[in-house]
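File shown here: model07.pdb, holding PDB, C-alpha atoms.
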ATOM      1  CA  MET A   1     -14.346   2.371 -11.680
ATOM      2  CA  ASP A   2     -14.169   2.353  -7.890
ATOM      3  CA  VAL A   3     -10.927   0.367  -8.094
ATOM      4  CA  VAL A   4      -9.452   2.837 -10.583
ATOM      5  CA  ARG A   5     -10.418   5.765  -8.350
ATOM      6  CA  ALA A   6      -8.786   4.021  -5.403
ATOM      7  CA  TYR A   7      -5.456   3.655  -7.195
ATOM      8  CA  LEU A   8      -5.662   7.245  -8.445
ATOM      9  CA  ALA A   9      -6.134   8.278  -4.826
ATOM     10  CA  PHE A  10      -2.949   6.407  -3.890
ATOM     11  CA  LEU A  11      -1.130   8.134  -6.769
ATOM     12  CA  ARG A  12      -2.302  11.570  -5.625
ATOM     13  CA  ALA A  13      -1.374  10.737  -2.046
ATOM     14  CA  GLY A  14       2.160   9.844  -3.117
ATOM     15  CA  PHE A  15       2.429  13.099  -5.066
ATOM     16  CA  HIS A  16       1.117  15.321  -2.248
ATOM     17  CA  ARG A  17       3.137  13.560   0.423
ATOM     18  CA  TYR A  18       6.440  14.528  -1.179
ATOM     19  CA  ALA A  19       5.159  17.919  -2.341
ATOM     20  CA  THR A  20       4.685  18.820   1.336
ATOM     21  CA  TYR A  21       8.414  18.868   2.091
ATOM     22  CA  ARG A  22       9.508  21.770  -0.099
ATOM     23  CA  LEU A  23      12.707  22.578   1.783
ATOM     24  CA  ALA A  24      13.790  18.946   1.531
ATOM     25  CA  THR A  25      13.129  19.129  -2.200
ATOM     26  CA  VAL A  26      15.294  22.251  -2.566
ATOM     27  CA  ALA A  27      18.068  20.689  -0.480
ATOM     28  CA  GLY A  28      17.894  17.496  -2.548
ATOM     29  CA  ALA A  29      18.085  19.399  -5.827
ATOM     30  CA  PHE A  30      21.101  21.341  -4.536
ATOM     31  CA  THR A  31      22.836  18.135  -3.427
ATOM     32  CA  ASN A  32      22.143  16.435  -6.757
ATOM     33  CA  SER A  33      23.635  19.423  -8.567
ATOM     34  CA  VAL A  34      26.781  19.444  -6.423
ATOM     35  CA  PHE A  35      27.328  15.751  -7.030
ATOM     36  CA  GLY A  36      26.620  16.381 -10.713
ATOM     37  CA  LEU A  37      29.588  18.732 -10.847
ATOM     38  CA  ALA A  38      31.810  16.135  -9.204
ATOM     39  CA  ARG A  39      30.614  13.251 -11.395
ATOM     40  CA  ALA A  40      30.907  15.257 -14.597
ATOM     41  CA  ALA A  41      34.456  16.295 -13.726
ATOM     42  CA  ILE A  42      35.533  12.756 -12.798
ATOM     43  CA  LEU A  43      34.022  11.091 -15.868
ATOM     44  CA  ALA A  44      35.335  13.781 -18.223
ATOM     45  CA  SER A  45      38.806  13.359 -16.698
ATOM     46  CA  ALA A  46      38.567   9.610 -17.269
ATOM     47  CA  VAL A  47      37.798  10.186 -20.953
ATOM     48  CA  ALA A  48      40.650  12.698 -21.278
ATOM     49  CA  GLY A  49      43.044  10.313 -19.549
ATOM     50  CA  ALA A  50      42.138   7.470 -21.893
ATOM     51  CA  GLY A  51      44.161   9.080 -24.665
ATOM     52  CA  VAL A  52      43.331   7.876 -28.170
ATOM     53  CA  GLY A  53      39.732   6.752 -28.686
ATOM     54  CA  SER A  54      36.657   7.219 -26.557
ATOM     55  CA  PRO A  55      35.926   4.782 -23.698
ATOM     56  CA  GLY A  56      32.694   2.918 -24.353
ATOM     57  CA  GLY A  57      32.028   5.180 -27.331
ATOM     58  CA  TYR A  58      31.662   8.296 -25.157
ATOM     59  CA  THR A  59      33.280  11.626 -25.911
ATOM     60  CA  ALA A  60      33.932  14.048 -23.048
ATOM     61  CA  HIS A  61      30.820  16.040 -23.976
ATOM     62  CA  GLN A  62      28.661  12.929 -24.079
ATOM     63  CA  VAL A  63      29.887  11.565 -20.769
ATOM     64  CA  ILE A  64      29.266  14.940 -19.107
ATOM     65  CA  THR A  65      25.704  14.762 -20.420
ATOM     66  CA  TYR A  66      25.467  11.227 -19.063
ATOM     67  CA  ALA A  67      26.563  12.400 -15.620
ATOM     68  CA  TRP A  68      24.014  15.225 -15.426
ATOM     69  CA  LEU A  69      21.120  13.153 -16.714
ATOM     70  CA  GLY A  70      22.045  10.458 -14.204
ATOM     71  CA  GLN A  71      21.826  13.012 -11.412
ATOM     72  CA  ALA A  72      18.462  14.159 -12.746
ATOM     73  CA  LEU A  73      17.009  10.648 -12.750
ATOM     74  CA  ILE A  74      18.295   9.123  -9.522
ATOM     75  CA  THR A  75      15.473  10.609  -7.438
ATOM     76  CA  PRO A  76      12.490   9.858  -9.700
ATOM     77  CA  VAL A  77      13.788   6.353 -10.365
ATOM     78  CA  ASN A  78      14.975   6.010  -6.751
ATOM     79  CA  VAL A  79      18.086   3.872  -6.886
ATOM     80  CA  PHE A  80      18.759   4.368  -3.193
ATOM     81  CA  GLN A  81      17.528   2.896   0.077
ATOM     82  CA  TRP A  82      13.823   2.383   0.734
ATOM     83  CA  ASN A  83      12.463   0.432   3.705
ATOM     84  CA  GLU A  84       8.927   1.716   4.366
ATOM     85  CA  LEU A  85       7.263  -1.579   3.550
ATOM     86  CA  ALA A  86       9.781  -3.534   5.622
ATOM     87  CA  LEU A  87       9.076  -1.315   8.629
ATOM     88  CA  ARG A  88       5.346  -1.995   8.315
ATOM     89  CA  VAL A  89       6.088  -5.705   8.230
ATOM     90  CA  ARG A  90       8.270  -5.382  11.317
ATOM     91  CA  THR A  91       5.624  -3.478  13.306
ATOM     92  CA  GLY A  92       2.710  -5.612  12.112
ATOM     93  CA  ASP A  93       1.001  -2.686  10.392
ATOM     94  CA  ILE A  94       1.211  -4.677   7.173
ATOM     95  CA  ALA A  95      -1.888  -6.541   8.400
ATOM     96  CA  ILE A  96      -3.882  -3.310   7.966
ATOM     97  CA  ASP A  97      -2.578  -2.938   4.409
ATOM     98  CA  LEU A  98      -3.528  -6.519   3.572
ATOM     99  CA  ALA A  99      -7.028  -5.994   4.946
ATOM    100  CA  ARG A 100      -7.731  -3.139   2.538
ATOM    101  CA  PRO A 101      -9.914  -3.937  -0.488
ATOM    102  CA  VAL A 102      -7.084  -3.102  -2.912
ATOM    103  CA  ASP A 103      -4.091  -5.001  -4.182
ATOM    104  CA  LEU A 104      -1.095  -4.399  -1.901
ATOM    105  CA  GLN A 105       1.511  -4.328  -4.655
ATOM    106  CA  LEU A 106      -0.494  -2.109  -7.011
ATOM    107  CA  SER A 107      -1.424   0.350  -4.254
ATOM    108  CA  TRP A 108       2.237   0.798  -3.290
ATOM    109  CA  LEU A 109       3.161   1.082  -6.983
ATOM    110  CA  ALA A 110       0.584   3.831  -7.492
ATOM    111  CA  THR A 111       1.958   5.691  -4.475
ATOM    112  CA  ASP A 112       5.498   5.379  -5.814
ATOM    113  CA  LEU A 113       4.441   6.659  -9.237
ATOM    114  CA  GLY A 114       2.979   9.717  -7.496
ATOM    115  CA  ARG A 115       6.277  10.256  -5.688
ATOM    116  CA  ALA A 116       8.213   9.961  -8.934
ATOM    117  CA  GLY A 117       5.790  12.276 -10.738
ATOM    118  CA  TYR A 118       6.310  15.024  -8.193
ATOM    119  CA  SER A 119      10.107  14.722  -8.142
ATOM    120  CA  LEU A 120      10.515  15.031 -11.919
ATOM    121  CA  LEU A 121      10.427  18.831 -12.085
ATOM    122  CA  PRO A 122      11.808  20.129  -8.757
ATOM    123  CA  ARG A 123      14.457  17.419  -8.385
ATOM    124  CA  SER A 124      15.323  16.638 -12.020
ATOM    125  CA  LEU A 125      15.113  19.979 -13.796
ATOM    126  CA  PRO A 126      17.715  21.929 -11.723
ATOM    127  CA  PRO A 127      20.618  19.507 -12.432
ATOM    128  CA  VAL A 128      19.762  19.494 -16.150
ATOM    129  CA  LEU A 129      19.633  23.297 -16.307
ATOM    130  CA  ILE A 130      22.869  23.688 -14.352
ATOM    131  CA  GLY A 131      24.620  21.125 -16.537
ATOM    132  CA  ALA A 132      23.356  22.851 -19.681
ATOM    133  CA  LEU A 133      24.463  26.287 -18.471
ATOM    134  CA  LEU A 134      27.906  25.230 -17.260
ATOM    135  CA  PHE A 135      28.882  22.649 -19.858
ATOM    136  CA  GLY A 136      26.234  22.434 -22.555
ATOM    137  CA  LEU A 137      24.609  19.042 -22.959
ATOM    138  CA  ALA A 138      24.708  16.722 -25.959
ATOM    139  CA  LEU A 139      20.946  16.356 -26.417
ATOM    140  CA  PRO A 140      18.882  15.637 -29.557
ATOM    141  CA  ALA A 141      17.219  18.498 -31.418
ATOM    142  CA  HIS A 142      14.077  16.554 -32.373
ATOM    143  CA  PRO A 143      11.241  15.430 -30.050
ATOM    144  CA  LEU A 144      11.089  11.646 -30.607
ATOM    145  CA  PRO A 145      13.936  10.713 -28.201
ATOM    146  CA  TYR A 146      12.242  12.709 -25.441
ATOM    147  CA  LEU A 147       8.878  11.028 -26.040
ATOM    148  CA  LEU A 148      10.464   7.587 -25.997
ATOM    149  CA  GLY A 149      12.603   8.719 -23.058
ATOM    150  CA  ALA A 150       9.504   9.589 -21.030
ATOM    151  CA  LEU A 151       8.227   6.036 -21.534
ATOM    152  CA  SER A 152      11.662   4.668 -20.680
ATOM    153  CA  VAL A 153      11.754   6.658 -17.428
ATOM    154  CA  LEU A 154       8.260   5.399 -16.520
ATOM    155  CA  LEU A 155       9.382   1.800 -17.058
ATOM    156  CA  ALA A 156      12.526   2.484 -15.006
ATOM    157  CA  VAL A 157      10.401   3.731 -12.104
ATOM    158  CA  VAL A 158       8.224   0.604 -12.269
ATOM    159  CA  ILE A 159      11.259  -1.713 -12.346
ATOM    160  CA  SER A 160      12.908   0.137  -9.458
ATOM    161  CA  PHE A 161       9.739  -0.097  -7.375
ATOM    162  CA  ALA A 162       9.275  -3.783  -8.168
ATOM    163  CA  CYS A 163      12.839  -4.587  -7.088
ATOM    164  CA  ARG A 164      12.582  -2.574  -3.880
ATOM    165  CA  PHE A 165       9.168  -4.092  -3.129
ATOM    166  CA  ALA A 166      10.549  -7.645  -3.414
ATOM    167  CA  VAL A 167      13.603  -6.783  -1.292
ATOM    168  CA  ASN A 168      11.398  -5.258   1.429
ATOM    169  CA  LEU A 169       9.254  -8.387   1.541
ATOM    170  CA  THR A 170      12.228 -10.367   2.854
ATOM    171  CA  ALA A 171      11.346  -8.742   6.196
ATOM    172  CA  PHE A 172       8.646 -11.403   6.543
ATOM    173  CA  TRP A 173      11.466 -13.914   7.084
ATOM    174  CA  LEU A 174      14.373 -11.833   8.381
ATOM    175  CA  VAL A 175      12.578  -8.985  10.274
ATOM    176  CA  GLU A 176      15.756  -6.836  10.300
ATOM    177  CA  ILE A 177      16.860  -6.344   6.693
ATOM    178  CA  ARG A 178      19.192  -3.357   6.776
ATOM    179  CA  GLY A 179      22.011  -5.574   5.541
ATOM    180  CA  VAL A 180      19.883  -6.909   2.686
ATOM    181  CA  ILE A 181      18.847  -3.411   1.622
ATOM    182  CA  GLY A 182      22.418  -2.136   1.880
ATOM    183  CA  SER A 183      23.675  -4.985  -0.300
ATOM    184  CA  TYR A 184      20.902  -4.389  -2.822
ATOM    185  CA  VAL A 185      21.706  -0.666  -3.061
ATOM    186  CA  ALA A 186      25.435  -1.327  -3.488
ATOM    187  CA  ILE A 187      24.894  -3.877  -6.271
ATOM    188  CA  SER A 188      22.127  -2.018  -8.089
ATOM    189  CA  SER A 189      23.961   1.334  -7.943
ATOM    190  CA  LEU A 190      26.978  -0.217  -9.625
ATOM    191  CA  LEU A 191      25.163  -2.281 -12.254
ATOM    192  CA  CYS A 192      22.612   0.404 -13.207
ATOM    193  CA  GLY A 193      25.348   2.733 -14.460
ATOM    194  CA  LEU A 194      25.262   5.228 -11.604
ATOM    195  CA  VAL A 195      29.009   5.020 -10.975
ATOM    196  CA  VAL A 196      30.160   4.793 -14.613
ATOM    197  CA  PRO A 197      28.357   3.907 -17.852
ATOM    198  CA  VAL A 198      27.719   0.183 -18.178
ATOM    199  CA  SER A 199      29.645   0.145 -21.470
ATOM    200  CA  TRP A 200      32.787   0.988 -19.467
ATOM    201  CA  PHE A 201      32.566  -2.295 -17.570
ATOM    202  CA  PRO A 202      34.999  -5.113 -18.364
ATOM    203  CA  GLY A 203      33.435  -7.821 -20.513
ATOM    204  CA  TRP A 204      32.478 -10.209 -17.718
ATOM    205  CA  LEU A 205      30.852  -7.455 -15.629
ATOM    206  CA  ASP A 206      29.024  -6.060 -18.664
ATOM    207  CA  THR A 207      27.607  -9.540 -19.323
ATOM    208  CA  LEU A 208      26.593  -9.878 -15.674
ATOM    209  CA  ALA A 209      24.922  -6.458 -15.660
ATOM    210  CA  THR A 210      22.895  -7.114 -18.804
ATOM    211  CA  ALA A 211      21.550 -10.307 -17.229
ATOM    212  CA  THR A 212      19.934  -8.199 -14.491
ATOM    213  CA  PRO A 213      17.223  -5.511 -14.545
ATOM    214  CA  PHE A 214      19.578  -2.863 -13.179
ATOM    215  CA  PRO A 215      20.832  -1.247 -16.441
ATOM    216  CA  SER A 216      17.163  -0.559 -17.203
ATOM    217  CA  LEU A 217      17.060   1.823 -14.218
ATOM    218  CA  LEU A 218      19.509   4.496 -15.446
ATOM    219  CA  GLN A 219      21.595   3.414 -18.416
ATOM    220  CA  ALA A 220      18.582   2.612 -20.600
ATOM    221  CA  PRO A 221      16.591   5.846 -20.114
ATOM    222  CA  ILE A 222      19.725   7.977 -20.525
ATOM    223  CA  ASP A 223      20.598   6.143 -23.752
ATOM    224  CA  VAL A 224      17.081   6.719 -25.104
ATOM    225  CA  ILE A 225      16.857  10.382 -24.088
ATOM    226  CA  THR A 226      20.252  11.276 -25.531
ATOM    227  CA  GLY A 227      19.576   9.390 -28.764
ATOM    228  CA  ARG A 228      22.502   7.054 -28.139
ATOM    229  CA  VAL A 229      20.055   4.340 -29.123
ATOM    230  CA  SER A 230      17.523   5.326 -31.767
ATOM    231  CA  GLY A 231      15.052   3.781 -34.184
ATOM    232  CA  THR A 232      14.680   0.035 -33.752
ATOM    233  CA  ALA A 233      17.477   0.015 -31.161
ATOM    234  CA  ALA A 234      15.467   2.397 -28.963
ATOM    235  CA  LEU A 235      12.376   0.219 -29.349
ATOM    236  CA  GLY A 236      14.500  -2.776 -28.418
ATOM    237  CA  THR A 237      15.677  -1.007 -25.271
ATOM    238  CA  LEU A 238      12.080  -0.234 -24.329
ATOM    239  CA  ALA A 239      11.139  -3.871 -24.982
ATOM    240  CA  VAL A 240      13.879  -5.035 -22.611
ATOM    241  CA  GLN A 241      12.638  -2.598 -19.975
ATOM    242  CA  ALA A 242       9.055  -3.811 -20.455
ATOM    243  CA  PHE A 243      10.237  -7.394 -19.998
ATOM    244  CA  TRP A 244      12.007  -6.535 -16.760
ATOM    245  CA  ALA A 245       9.008  -4.546 -15.520
ATOM    246  CA  VAL A 246       6.751  -7.582 -15.964
ATOM    247  CA  ALA A 247       9.366  -9.996 -14.599
ATOM    248  CA  THR A 248      10.212  -8.018 -11.460
ATOM    249  CA  LEU A 249       6.557  -7.311 -10.683
ATOM    250  CA  GLY A 250       5.914 -11.018 -11.105
ATOM    251  CA  VAL A 251       8.725 -11.907  -8.703
ATOM    252  CA  GLY A 252       7.341  -9.444  -6.169
ATOM    253  CA  ARG A 253       3.872 -10.941  -6.470
ATOM    254  CA  ALA A 254       5.219 -14.478  -6.002
ATOM    255  CA  VAL A 255       7.199 -13.431  -2.929
ATOM    256  CA  LEU A 256       4.147 -11.616  -1.546
ATOM    257  CA  HIS A 257       2.033 -14.755  -1.986
ATOM    258  CA  ARG A 258       4.561 -16.798  -0.009
ATOM    259  CA  ALA A 259       4.956 -14.059   2.590
ATOM    260  CA  THR A 260       1.256 -13.703   3.359
ATOM    261  CA  ARG A 261       1.078 -17.444   4.040
ATOM    262  CA  LYS A 262       3.754 -16.897   6.682
ATOM    263  CA  LEU A 263       2.233 -13.781   8.283
ATOM    264  CA  VAL A 264       1.238 -14.102  11.927
ATOM    265  CA  VAL A 265      -0.089 -11.066  13.800
ATOM    266  CA  GLN A 266      -0.067 -11.435  17.581
ATOM    267  CA  GLY A 267      -3.550 -11.177  19.029
ATOM    268  CA  GLY A 268      -5.185 -11.296  15.564
TER     269      GLY A 268
END
Go through the file and emit its structure as structure tokens.
Amino acid sequence: MDVVRAYLAFLRAGFHRYATYRLATVAGAFTNSVFGLARAAILASAVAGAGVGSPGGYTAHQVITYAWLGQALITPVNVFQWNELALRVRTGDIAIDLARPVDLQLSWLATDLGRAGYSLLPRSLPPVLIGALLFGLALPAHPLPYLLGALSVLLAVVISFACRFAVNLTAFWLVEIRGVIGSYVAISSLLCGLVVPVSWFPGWLDTLATATPFPSLLQAPIDVITGRVSGTAALGTLAVQAFWAVATLGVGRAVLHRATRKLVVQGG
């Protein structure tokens, strides 16, 4: 029970840390909404310009919904840059983290879940409301897609954390990893469906994307929430996300094991 309470404390700490910066939250929600307008307009124009048929099976209304839900999820899922762990490796503070009587990976995961939990309402709800008011969103009328969608978003957060955790651990070997993080963000942002839906990719890029965990970050939860995948297909999507959650956490744990064997703290 003491271990459970410890991880719950990390989760609460992550929640309260981000709840402290209310003005930053408001500014972030405003920025997400502005970019939502731009993305919705661009994607809808792409559908209109396609002429006969619907690219990737999306109508203009559906792709507008995709754009706004993507804007709502990018902060909770966090598909952008994160380097806190790498900075602690660089300064040597990681030694303090490793000396704590809790698992390093799980403690950071709990903190990240707290961050994501806080950002769901103040950062995700405004873009959805604005999109619904301005355009109307193509959303299901029954509750099951939203229940499955909540689980899908949770798995997306776990996968995102696990990937970022593993990338940050490369600081044990490289020290300065801004280039690594920048490359990771560029690749993951494209393959997760942030730029355009994954189904719009040419065949070879679609195949490449599906061989990575990145579509599970945005494309998968949006598909589940909107009912684009339903029934057994939705369960299959969740199963793929669960696989990637386990796989990416496992990779992070393996890298951490190798990294701690390399760690040298001057004077310690």
### Query
For A:Ala242, which of A:Arg5, A:Gly203, A:Leu151, A:Leu144 is the closest residue, counting only C-alpha atoms?
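Closest to A:Ala242, using only C-alpha atoms: A:Leu151.
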### Query
When distances are computed from only C-alpha atoms, which of A:Ala110, A:Met1, A:Ile130, A:Val195 shows the smallest separation from A:Leu43?
A:Val195
### Task
May I ask for the distance between atom CA of A:Ala86 and atom CA of A:Gly179, given in Å to one decimal place?
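Answer for the atom CA of A:Ala86 to atom CA of A:Gly179 separation: 12.4 Å.
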### Query
Closest to A:Ala150 among A:Leu120, A:Leu23, A:Ala95, A:Val47, using all atoms listed in the file?
A:Leu120
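Atom to atom, atom CA of A:Phe135 and atom CA of A:Ser160 stand 29.5 Å apart.
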### Task
Report as a PyMOL selection string the residues that result from applying the PyMOL selection byres ((chain A and resi 65) around 12) to the structure here.
chain A and resi 36-37+39-41+43-44+58-64+66-72+127-140+197+222-223+225-228
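Picked by the PyMOL selection byres ((chain A and resi 84) around 12) from the coordinates shown: Gln81, Trp82, Asn83, Leu85, Ala86, Leu87, Arg88, Val89, Arg90, Thr91, Asp93, Ile94, Trp108, Thr111, Asp112, Phe161, Arg164, Phe165, Val167, Asn168, Leu169, Ala171, Ile177, Arg178 and Ile181 of chain A.
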### Query
Which residues, written as a PyMOL selection string, have at least one atom at most 12 Å from A:Pro101, with all atoms listed in the file counted and residues fewer than 6 positions away on the same chain left out?
chain A and resi 2-3+6-7+107
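Using only C-alpha atoms for every distance, the candidate list A:Leu238, A:Val79, A:Val251, A:Ala116 yields A:Ala116 as the residue closest to A:Gly14.
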### Task
Please indicate the distance in Å from atom CA of A:Leu8 to atom CA of A:Arg258, rounded to one decimal place.
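Between atom CA of A:Leu8 and atom CA of A:Arg258 the gap works out to 27.5 Å.
Counting only C-alpha atoms, the residue from A:Cys163, A:Ala29, A:Leu106, A:Val158 that sits nearest to A:Ser119 is A:Ala29.
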Would you mind listing what lies within 9 Å of A:Trp244 as a compact mmCIF listing (two decimals) with C-alpha atoms, keeping the file's coordinate frame, with all atoms listed in the file counted and same-chain residues fewer than 6 positions away left out?
# COMPACT_ATOMS: atom_id res chain seq x y z
CA LEU A 155 9.38 1.80 -17.06
CA ILE A 159 11.26 -1.71 -12.35
CA THR A 212 19.93 -8.20 -14.49
CA PRO A 213 17.22 -5.51 -14.54
CA SER A 216 17.16 -0.56 -17.20
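Nearest-residue note for A:Gly28: choosing from A:Asp97, A:Pro122, A:Phe80, A:Gly236, the minimum distance belongs to A:Pro122, counting all atoms listed in the file.
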### Task
Name the residues captured by the PyMOL selection byres ((chain A and resi 117) around 12) when it is applied to the shown file; answer as a ChimeraX atom specification.
/A:11-19,73,75-78,110-116,118-124,150,153-154,157
Output stretch 207-225 of chain A as a PDB file, in the frame of the given file, making sure N, CA, C and O atoms are there.
ATOM      1  N   THR A 207      28.505  -8.395 -19.112  1.00  0.00           N
ATOM      2  CA  THR A 207      27.607  -9.540 -19.323  1.00  0.00           C
ATOM      3  C   THR A 207      26.741  -9.787 -18.094  1.00  0.00           C
ATOM      4  O   THR A 207      25.536 -10.041 -18.208  1.00  0.00           O
ATOM      5  N   LEU A 208      27.348  -9.686 -16.915  1.00  0.00           N
ATOM      6  CA  LEU A 208      26.593  -9.878 -15.674  1.00  0.00           C
ATOM      7  C   LEU A 208      25.516  -8.811 -15.521  1.00  0.00           C
ATOM      8  O   LEU A 208      24.370  -9.105 -15.166  1.00  0.00           O
ATOM      9  N   ALA A 209      25.874  -7.558 -15.810  1.00  0.00           N
ATOM     10  CA  ALA A 209      24.922  -6.458 -15.660  1.00  0.00           C
ATOM     11  C   ALA A 209      23.729  -6.626 -16.588  1.00  0.00           C
ATOM     12  O   ALA A 209      22.570  -6.434 -16.182  1.00  0.00           O
ATOM     13  N   THR A 210      23.985  -6.997 -17.839  1.00  0.00           N
ATOM     14  CA  THR A 210      22.895  -7.114 -18.804  1.00  0.00           C
ATOM     15  C   THR A 210      21.972  -8.288 -18.507  1.00  0.00           C
ATOM     16  O   THR A 210      20.874  -8.364 -19.061  1.00  0.00           O
ATOM     17  N   ALA A 211      22.407  -9.192 -17.638  1.00  0.00           N
ATOM     18  CA  ALA A 211      21.550 -10.307 -17.229  1.00  0.00           C
ATOM     19  C   ALA A 211      20.669  -9.935 -16.046  1.00  0.00           C
ATOM     20  O   ALA A 211      19.927 -10.777 -15.541  1.00  0.00           O
ATOM     21  N   THR A 212      20.734  -8.684 -15.612  1.00  0.00           N
ATOM     22  CA  THR A 212      19.934  -8.199 -14.491  1.00  0.00           C
ATOM     23  C   THR A 212      19.048  -7.042 -14.969  1.00  0.00           C
ATOM     24  O   THR A 212      19.266  -6.478 -16.046  1.00  0.00           O
ATOM     25  N   PRO A 213      18.064  -6.655 -14.158  1.00  0.00           N
ATOM     26  CA  PRO A 213      17.223  -5.511 -14.545  1.00  0.00           C
ATOM     27  C   PRO A 213      17.874  -4.162 -14.301  1.00  0.00           C
ATOM     28  O   PRO A 213      17.333  -3.131 -14.716  1.00  0.00           O
ATOM     29  N   PHE A 214      19.045  -4.128 -13.666  1.00  0.00           N
ATOM     30  CA  PHE A 214      19.578  -2.863 -13.179  1.00  0.00           C
ATOM     31  C   PHE A 214      19.970  -1.854 -14.260  1.00  0.00           C
ATOM     32  O   PHE A 214      19.741  -0.649 -14.085  1.00  0.00           O
ATOM     33  N   PRO A 215      20.561  -2.263 -15.404  1.00  0.00           N
ATOM     34  CA  PRO A 215      20.832  -1.247 -16.441  1.00  0.00           C
ATOM     35  C   PRO A 215      19.575  -0.553 -16.947  1.00  0.00           C
ATOM     36  O   PRO A 215      19.656   0.561 -17.484  1.00  0.00           O
ATOM     37  N   SER A 216      18.420  -1.182 -16.776  1.00  0.00           N
ATOM     38  CA  SER A 216      17.163  -0.559 -17.203  1.00  0.00           C
ATOM     39  C   SER A 216      16.750   0.591 -16.295  1.00  0.00           C
ATOM     40  O   SER A 216      15.825   1.345 -16.632  1.00  0.00           O
ATOM     41  N   LEU A 217      17.423   0.755 -15.150  1.00  0.00           N
ATOM     42  CA  LEU A 217      17.060   1.823 -14.218  1.00  0.00           C
ATOM     43  C   LEU A 217      17.615   3.180 -14.653  1.00  0.00           C
ATOM     44  O   LEU A 217      16.914   4.182 -14.590  1.00  0.00           O
ATOM     45  N   LEU A 218      18.881   3.220 -15.063  1.00  0.00           N
ATOM     46  CA  LEU A 218      19.509   4.496 -15.446  1.00  0.00           C
ATOM     47  C   LEU A 218      20.119   4.478 -16.843  1.00  0.00           C
ATOM     48  O   LEU A 218      19.873   5.375 -17.649  1.00  0.00           O
ATOM     49  N   GLN A 219      20.910   3.447 -17.125  1.00  0.00           N
ATOM     50  CA  GLN A 219      21.595   3.414 -18.416  1.00  0.00           C
ATOM     51  C   GLN A 219      20.604   3.476 -19.573  1.00  0.00           C
ATOM     52  O   GLN A 219      20.782   4.237 -20.528  1.00  0.00           O
ATOM     53  N   ALA A 220      19.543   2.679 -19.490  1.00  0.00           N
ATOM     54  CA  ALA A 220      18.582   2.612 -20.600  1.00  0.00           C
ATOM     55  C   ALA A 220      17.875   3.941 -20.845  1.00  0.00           C
ATOM     56  O   ALA A 220      17.858   4.427 -21.983  1.00  0.00           O
ATOM     57  N   PRO A 221      17.263   4.571 -19.816  1.00  0.00           N
ATOM     58  CA  PRO A 221      16.591   5.846 -20.114  1.00  0.00           C
ATOM     59  C   PRO A 221      17.536   6.944 -20.586  1.00  0.00           C
ATOM     60  O   PRO A 221      17.170   7.753 -21.437  1.00  0.00           O
ATOM     61  N   ILE A 222      18.764   6.970 -20.066  1.00  0.00           N
ATOM     62  CA  ILE A 222      19.725   7.977 -20.525  1.00  0.00           C
ATOM     63  C   ILE A 222      20.080   7.728 -21.986  1.00  0.00           C
ATOM     64  O   ILE A 222      20.156   8.666 -22.791  1.00  0.00           O
ATOM     65  N   ASP A 223      20.289   6.465 -22.364  1.00  0.00           N
ATOM     66  CA  ASP A 223      20.598   6.143 -23.752  1.00  0.00           C
ATOM     67  C   ASP A 223      19.474   6.572 -24.689  1.00  0.00           C
ATOM     68  O   ASP A 223      19.727   7.074 -25.795  1.00  0.00           O
ATOM     69  N   VAL A 224      18.223   6.366 -24.254  1.00  0.00           N
ATOM     70  CA  VAL A 224      17.081   6.719 -25.104  1.00  0.00           C
ATOM     71  C   VAL A 224      16.942   8.231 -25.212  1.00  0.00           C
ATOM     72  O   VAL A 224      16.748   8.784 -26.300  1.00  0.00           O
ATOM     73  N   ILE A 225      17.033   8.925 -24.095  1.00  0.00           N
ATOM     74  CA  ILE A 225      16.857  10.382 -24.088  1.00  0.00           C
ATOM     75  C   ILE A 225      17.926  11.077 -24.925  1.00  0.00           C
ATOM     76  O   ILE A 225      17.635  12.020 -25.665  1.00  0.00           O
TER      77      ILE A 225
END
